[in-house]
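Visitor: Here you go, one structure.
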Amino acid sequence: MLLGTGGLWLSGVWFAADQHYRAAVSSMHQLSHTGGIQEQLTWQSAKTGLNAALSHRINIPLVEFQLGRLYEYRAADPYARDRQKIADRNRAMEYYEHAVKHRPTWSMAWTSLAYLQMLSSPEMERTSRSFKKAIQFAGHERAVRRRNAITGMIGWDYIDDSTRAHIENEMREFLNNPREARSLIRDAVGRGWVARMRPIGEEVLGVEEFDKRVEQISKR
């Protein structure tokens, strides 16, 4: 009977955590950087749901990763003050660090951590270590590899020659694929790193075609 009760309790914990998690992710999908009060309420609702899920200690790295995403999202808010952006970015990195601690081979968590560390302190040894982990575990995950390419461009002056060569090869592969090229260029435009992509973009696509694609994406 005790085992049965324990089993019911465990099932209840899983169910409650799952419900909180799903509600939080649903709220996150509604975020759109409007700068209004509804945006703040939606963000807070997502945070509350994720913390509730985390309190049940079920699937910890997944919830921690989503909390990192939530703070990273707010750190990119064009309406936020610089001090708030820095605080949110630091908080996001803390959650990503917890996520990779609990799930050491999770590629998306590593690449998210490396990206923010590269924005904050590209010269640090820990940033280089995280970035190499992100590359190591990327496998065939397109989204991870694209973000790694952007991360490499951000820290171009700080990454070693072998890492730089790897990023260049990744960029060539993406730019030779029409769909992937659009995604990579869109990411570069959105993050302001077109200049660092330009040499490879012009090499693969040609000067006129690269400029054309950048202009098309910039107008959207």
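Identifiers in the structure tokens: chain A, B, ... in order shown; residue index from 1 per chain; ligand index from 1 in order shown.
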Please, which residues of stretch 68-214 of chain A, numbered as in this document, come out alpha helix (DSSP H) from DSSP, as a VMD selection string?
Guide: chain A and resid 68 to 75 82 to 102 107 to 120 125 to 136 142 to 154 161 to 175 178 to 191 194 to 205 207 to 214
Visitor: Determine, counting only C-alpha atoms, which protein, DNA and RNA residues have an atom within 12 Å of an atom of A:Ala23; residues of the same chain fewer than 2 positions away are not included. Present the result as an NGL selection string.
Guide: :A and (16-21 or 25-30 or 42-43 or 45-53)
Visitor: Env of A:Asn169: 10 Å cut, atoms = only C-alpha atoms, seq-sep filter 6 positions within chain, self excluded. Answer as a PyMOL selection string.
Guide: chain A and resi 149+163+175+200
Visitor: Could you save the residues just selected, with C-alpha atoms, as a PDB file, in the first residue's frame?
Guide:
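Written output follows (again36.pdb):
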ATOM      1  CA  ALA A 149      28.283  30.076 -36.666  1.00  0.00           C
ATOM      2  CA  THR A 163      37.782  26.808 -34.458  1.00  0.00           C
ATOM      3  CA  LEU A 175      25.394  29.368 -47.690  1.00  0.00           C
ATOM      4  CA  ILE A 200      32.509  34.055 -46.745  1.00  0.00           C
TER       5      ILE A 200
END
Visitor: So that I can check the surroundings of A:Val194, please list as a JSON list (two decimals) with N, CA and C atoms, in the first residue's frame every protein, DNA and RNA residue that reaches within 12 Å of it, counting only C-alpha atoms and ignoring chain neighbours fewer than 5 positions away.
Guide:
[["chain", "number", "residue", "atom", "x", "y", "z"],
["A", 149, "ALA", "N", 27.66, 29.23, -35.64],
["A", 149, "ALA", "CA", 28.28, 30.08, -36.67],
["A", 149, "ALA", "C", 28.19, 31.55, -36.27],
["A", 150, "ILE", "N", 27.02, 31.95, -35.77],
["A", 150, "ILE", "CA", 26.85, 33.33, -35.31],
["A", 150, "ILE", "C", 27.77, 33.62, -34.12],
["A", 153, "MET", "N", 31.24, 34.21, -35.24],
["A", 153, "MET", "CA", 31.44, 35.53, -35.83],
["A", 153, "MET", "C", 31.57, 36.60, -34.75],
["A", 154, "ILE", "N", 30.78, 36.46, -33.69],
["A", 154, "ILE", "CA", 30.86, 37.43, -32.59],
["A", 154, "ILE", "C", 32.27, 37.43, -31.99],
["A", 184, "LEU", "N", 20.66, 31.64, -42.08],
["A", 184, "LEU", "CA", 21.92, 32.14, -41.53],
["A", 184, "LEU", "C", 22.06, 33.64, -41.75],
["A", 185, "ILE", "N", 21.73, 34.11, -42.95],
["A", 185, "ILE", "CA", 21.83, 35.53, -43.23],
["A", 185, "ILE", "C", 20.83, 36.31, -42.39],
["A", 186, "ARG", "N", 19.62, 35.75, -42.21],
["A", 186, "ARG", "CA", 18.63, 36.40, -41.36],
["A", 186, "ARG", "C", 19.15, 36.55, -39.93],
["A", 187, "ASP", "N", 19.79, 35.48, -39.42],
["A", 187, "ASP", "CA", 20.35, 35.55, -38.07],
["A", 187, "ASP", "C", 21.44, 36.61, -37.99],
["A", 188, "ALA", "N", 22.29, 36.68, -39.02],
["A", 188, "ALA", "CA", 23.38, 37.65, -39.02],
["A", 188, "ALA", "C", 22.84, 39.08, -39.09],
["A", 189, "VAL", "N", 21.80, 39.28, -39.91],
["A", 189, "VAL", "CA", 21.19, 40.61, -40.02],
["A", 189, "VAL", "C", 20.56, 40.99, -38.68],
["A", 199, "PRO", "N", 32.90, 38.25, -45.95],
["A", 199, "PRO", "CA", 33.93, 37.59, -46.76],
["A", 199, "PRO", "C", 33.53, 36.19, -47.24],
["A", 200, "ILE", "N", 32.94, 35.40, -46.35],
["A", 200, "ILE", "CA", 32.51, 34.06, -46.74],
["A", 200, "ILE", "C", 31.27, 34.15, -47.64],
["A", 201, "GLY", "N", 30.35, 35.06, -47.32],
["A", 201, "GLY", "CA", 29.15, 35.22, -48.13],
["A", 201, "GLY", "C", 29.48, 35.61, -49.56],
["A", 202, "GLU", "N", 30.42, 36.52, -49.73],
["A", 202, "GLU", "CA", 30.81, 36.95, -51.07],
["A", 202, "GLU", "C", 31.58, 35.86, -51.81],
["A", 210, "PHE", "N", 25.04, 38.22, -52.55],
["A", 210, "PHE", "CA", 25.05, 38.35, -51.09],
["A", 210, "PHE", "C", 24.39, 39.65, -50.66],
["A", 211, "ASP", "N", 24.74, 40.76, -51.32],
["A", 211, "ASP", "CA", 24.14, 42.05, -50.99],
["A", 211, "ASP", "C", 22.63, 42.03, -51.23],
["A", 213, "ARG", "N", 20.58, 39.46, -51.01],
["A", 213, "ARG", "CA", 19.89, 38.70, -49.96],
["A", 213, "ARG", "C", 19.86, 39.46, -48.65],
["A", 214, "VAL", "N", 20.95, 40.13, -48.33],
["A", 214, "VAL", "CA", 20.98, 40.94, -47.11],
["A", 214, "VAL", "C", 19.94, 42.05, -47.18],
["A", 215, "GLU", "N", 19.83, 42.69, -48.33],
["A", 215, "GLU", "CA", 18.88, 43.78, -48.51],
["A", 215, "GLU", "C", 17.43, 43.27, -48.39],
["A", 217, "ILE", "N", 16.31, 40.69, -46.74],
["A", 217, "ILE", "CA", 16.00, 40.34, -45.35],
["A", 217, "ILE", "C", 15.90, 41.60, -44.49],
["A", 218, "SER", "N", 16.74, 42.59, -44.75],
["A", 218, "SER", "CA", 16.74, 43.82, -43.95],
["A", 218, "SER", "C", 15.45, 44.60, -44.11]]
Visitor: What lies within 12 Å of stretch 110-113 of chain A using only C-alpha atoms, ignoring chain neighbours under 4 positions off, as an MDAnalysis selection string?
Guide: chainID A and resid 61 65:73 89:106 117:122 126:139 141:152
Visitor: Return the single residue from A:Pro78, A:Gly35, A:Gly155, A:Pro178 that is closest to A:Arg196, with distances computed using only C-alpha atoms.
Guide: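 For A:Arg196, the nearest of the given residues is A:Gly155.
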